[in-house]
Every structure is written in C-alpha cells, then in structure tokens.
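Single-structure report; data block below.
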Amino acid sequence: MDTMTRGNEALLVIDMQRDFCDEGSPLCVAGAMDCLPQVEDAVRHARSRNIPVVWIVREHHATGCDVERFRRGLYSGGRGPCTRGTPGAELVHPLEIGPDDHKIVKTRFSGFHHTNLAHLLREGLGVDRVVLAGVQSPNCIRATAMDAVALDFPSVVVLSDATASATPEVQAANMHDLRNMGCTVIDVAEWAVQGRAHHDA
C-alpha cells in the first residue's frame, strides 16, 4: 500500500492494559513498556490532528466463560487476566481514555471479532485508513490488522515502534509478515511527518 495515500484515519490502540504491560502480570508482554512512550506520542499526535483515537481493550467475566478455550485455566476464584472491573483490566499509566475518544471491548485477538468496530470506523467516523498501536504484535495487532485487510479498508498502517512483542526477533518477524500481507509498516515519527505533509498540502 502507498504510505502517502491518506484519507480519514483513526488510531487504534490495542490492549495497553496492566495485565499485558505490568512486569509480573499474568500475560505480561516483555516489550510492552518499551513501546509505551511511542504509544503516548502516537496518541498525542492523533489528538493534535483531530484524528479519532479508539481504545480496544480486553475485558472478561470473572469466571472466564467468555475467554478463548485455551486460556480458561487462567481463571479461578473470580480472578483472571483482564477481568472486568479489576486493576489488571485498566490502561497502563499514564494512558487514559480522553473525553473525545472511543472504546471497544473485545474478548478475542481481533478488535473486529464480534464487536461494532467496523461500523464505528466506517459509518460513525468515515474512516478508510486505520493505524495500529499496542500489544502484542503476533496476536492482537496481527489479528486486527488482518481483519482490517480482509474487510477491505483501503489502508492499514502498523506503527513499528508503538507495537511490541515478547522479543525483538518476534517483533521484526511480524513486521516483515505484515508488510507482505499488505500493511504499511512505519514508525510514529514517519506517520507524524506524513500527517503534517498531508495537512499542509
């Protein structure tokens, strides 16, 4: 895809929650905290350009009845990763949902699976370019990106330094794969420069 093709875009921030980011949390992604400053930069840039920010988060029932079958063993005694209403389901500090932002709750890897994300983006916000940040690249970033491609969004962008994986090698491999599957992979600084060039054109 042409990285300079820009229409109405939205920033999707995926799973930047304490249970995925805090050291020692059950599903901590090793690179999550390293990408946090770039996620903050991406959110600041989006808000400065009136680009919608959509926070996509996992929230599960305390019994784990709505989680993937292979993860149900992580739930017992009313506790488990990203249980609705617990600290682990909260955004990692200092991220916060702003008054003009949007929130989508999911229970699977893709932000599109059994949610109204596609309707929000297309019908509510008029978006044809989605920009992805968050964790983790092999799972929720990849699944959401692939669904966006499958749903024929004209442009799907993954921010390479505002996403993270368990290791740099896994991150690099996933960025390589996403490029090969039709996504544009750039860093936050390049995305911001493109935005300024588009705005000033």
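In the structure tokens, the first chain shown is A, the next is B, and so on; residue numbers restart at 1 for each chain, and ligands run from 1 in the order shown.
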Excluding segment 11-20 of chain A and its own-chain neighbours fewer than 4 positions away, which residues fall within 8 Å of it when counting only C-alpha atoms? Please give them as a PyMOL selection string. chain A and resi 25-29+32+39+42-43+46+51-58+81-82+87-92+111+130-136+140-141
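When DSSP is run on the backbone, the residues of segment 44-77 of chain A that fall into strand (DSSP E or B) are A:Val53, A:Val54, A:Trp55, A:Ile56, A:Val57, A:Arg58, A:His60, A:Ser76.
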All heavy atoms of the current selection, written as a PDB file, in the first residue's frame:
ATOM      1  N   VAL A  53      -9.206   8.576  18.246  1.00  0.00           N
ATOM      2  CA  VAL A  53      -8.450   7.546  18.963  1.00  0.00           C
ATOM      3  C   VAL A  53      -9.451   6.513  19.480  1.00  0.00           C
ATOM      4  O   VAL A  53     -10.408   6.870  20.176  1.00  0.00           O
ATOM      5  CB  VAL A  53      -7.647   8.148  20.136  1.00  0.00           C
ATOM      6  CG1 VAL A  53      -6.893   7.048  20.883  1.00  0.00           C
ATOM      7  CG2 VAL A  53      -6.681   9.222  19.633  1.00  0.00           C
ATOM      8  N   VAL A  54      -9.223   5.259  19.117  1.00  0.00           N
ATOM      9  CA  VAL A  54     -10.102   4.172  19.538  1.00  0.00           C
ATOM     10  C   VAL A  54      -9.294   3.226  20.415  1.00  0.00           C
ATOM     11  O   VAL A  54      -8.310   2.633  19.960  1.00  0.00           O
ATOM     12  CB  VAL A  54     -10.679   3.409  18.330  1.00  0.00           C
ATOM     13  CG1 VAL A  54     -11.627   2.306  18.813  1.00  0.00           C
ATOM     14  CG2 VAL A  54     -11.392   4.359  17.369  1.00  0.00           C
ATOM     15  N   TRP A  55      -9.677   3.103  21.670  1.00  0.00           N
ATOM     16  CA  TRP A  55      -9.010   2.207  22.607  1.00  0.00           C
ATOM     17  C   TRP A  55      -9.711   0.852  22.543  1.00  0.00           C
ATOM     18  O   TRP A  55     -10.916   0.755  22.809  1.00  0.00           O
ATOM     19  CB  TRP A  55      -9.079   2.771  24.020  1.00  0.00           C
ATOM     20  CG  TRP A  55      -8.421   4.108  24.141  1.00  0.00           C
ATOM     21  CD1 TRP A  55      -8.994   5.324  23.932  1.00  0.00           C
ATOM     22  CD2 TRP A  55      -7.053   4.362  24.464  1.00  0.00           C
ATOM     23  NE1 TRP A  55      -8.068   6.331  24.113  1.00  0.00           N
ATOM     24  CE2 TRP A  55      -6.862   5.767  24.441  1.00  0.00           C
ATOM     25  CE3 TRP A  55      -5.968   3.538  24.787  1.00  0.00           C
ATOM     26  CZ2 TRP A  55      -5.634   6.362  24.724  1.00  0.00           C
ATOM     27  CZ3 TRP A  55      -4.753   4.130  25.062  1.00  0.00           C
ATOM     28  CH2 TRP A  55      -4.588   5.524  25.032  1.00  0.00           C
ATOM     29  N   ILE A  56      -8.966  -0.172  22.174  1.00  0.00           N
ATOM     30  CA  ILE A  56      -9.509  -1.526  22.070  1.00  0.00           C
ATOM     31  C   ILE A  56      -8.926  -2.336  23.218  1.00  0.00           C
ATOM     32  O   ILE A  56      -7.706  -2.484  23.327  1.00  0.00           O
ATOM     33  CB  ILE A  56      -9.157  -2.151  20.711  1.00  0.00           C
ATOM     34  CG1 ILE A  56      -9.715  -1.277  19.576  1.00  0.00           C
ATOM     35  CG2 ILE A  56      -9.699  -3.570  20.626  1.00  0.00           C
ATOM     36  CD1 ILE A  56      -9.311  -1.736  18.193  1.00  0.00           C
ATOM     37  N   VAL A  57      -9.794  -2.814  24.086  1.00  0.00           N
ATOM     38  CA  VAL A  57      -9.330  -3.488  25.303  1.00  0.00           C
ATOM     39  C   VAL A  57     -10.041  -4.819  25.484  1.00  0.00           C
ATOM     40  O   VAL A  57     -11.162  -5.020  25.021  1.00  0.00           O
ATOM     41  CB  VAL A  57      -9.577  -2.606  26.555  1.00  0.00           C
ATOM     42  CG1 VAL A  57      -8.788  -1.307  26.459  1.00  0.00           C
ATOM     43  CG2 VAL A  57     -11.063  -2.318  26.744  1.00  0.00           C
ATOM     44  N   ARG A  58      -9.361  -5.714  26.198  1.00  0.00           N
ATOM     45  CA  ARG A  58      -9.983  -6.967  26.624  1.00  0.00           C
ATOM     46  C   ARG A  58     -10.642  -6.750  27.981  1.00  0.00           C
ATOM     47  O   ARG A  58     -10.044  -6.148  28.865  1.00  0.00           O
ATOM     48  CB  ARG A  58      -8.934  -8.073  26.771  1.00  0.00           C
ATOM     49  CG  ARG A  58      -8.643  -8.838  25.496  1.00  0.00           C
ATOM     50  CD  ARG A  58      -7.809 -10.064  25.824  1.00  0.00           C
ATOM     51  NE  ARG A  58      -7.441 -10.810  24.641  1.00  0.00           N
ATOM     52  CZ  ARG A  58      -8.026 -11.944  24.269  1.00  0.00           C
ATOM     53  NH1 ARG A  58      -9.011 -12.453  24.992  1.00  0.00           N
ATOM     54  NH2 ARG A  58      -7.622 -12.578  23.189  1.00  0.00           N
ATOM     55  N   HIS A  60     -13.027  -9.424  30.531  1.00  0.00           N
ATOM     56  CA  HIS A  60     -13.629 -10.751  30.628  1.00  0.00           C
ATOM     57  C   HIS A  60     -14.450 -10.899  31.899  1.00  0.00           C
ATOM     58  O   HIS A  60     -14.196 -10.238  32.919  1.00  0.00           O
ATOM     59  CB  HIS A  60     -12.550 -11.830  30.591  1.00  0.00           C
ATOM     60  CG  HIS A  60     -11.869 -11.942  29.264  1.00  0.00           C
ATOM     61  ND1 HIS A  60     -12.512 -12.410  28.146  1.00  0.00           N
ATOM     62  CD2 HIS A  60     -10.598 -11.640  28.874  1.00  0.00           C
ATOM     63  CE1 HIS A  60     -11.673 -12.393  27.119  1.00  0.00           C
ATOM     64  NE2 HIS A  60     -10.503 -11.923  27.535  1.00  0.00           N
ATOM     65  N   SER A  76      -9.884 -18.563  37.992  1.00  0.00           N
ATOM     66  CA  SER A  76     -10.416 -19.341  39.122  1.00  0.00           C
ATOM     67  C   SER A  76     -10.673 -18.391  40.283  1.00  0.00           C
ATOM     68  O   SER A  76     -10.002 -17.359  40.415  1.00  0.00           O
ATOM     69  CB  SER A  76      -9.438 -20.441  39.549  1.00  0.00           C
ATOM     70  OG  SER A  76      -8.232 -19.885  40.028  1.00  0.00           O
TER      71      SER A  76
END
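Minimum distance to Arg47 of chain A across A:Cys35, A:Val185, A:Ala10, A:Val193 (counting only C-alpha atoms) occurs at A:Ala10.
One distance worth recording is that between atom CA of Cys183 of chain A and atom CA of Val157 of chain A, which is 5.6 Å.
Closest approach to Gln38 of chain A from the set A:Asp161, A:Glu169, A:Asp177, A:Glu23 is made by A:Asp161, with distances taken over only C-alpha atoms.
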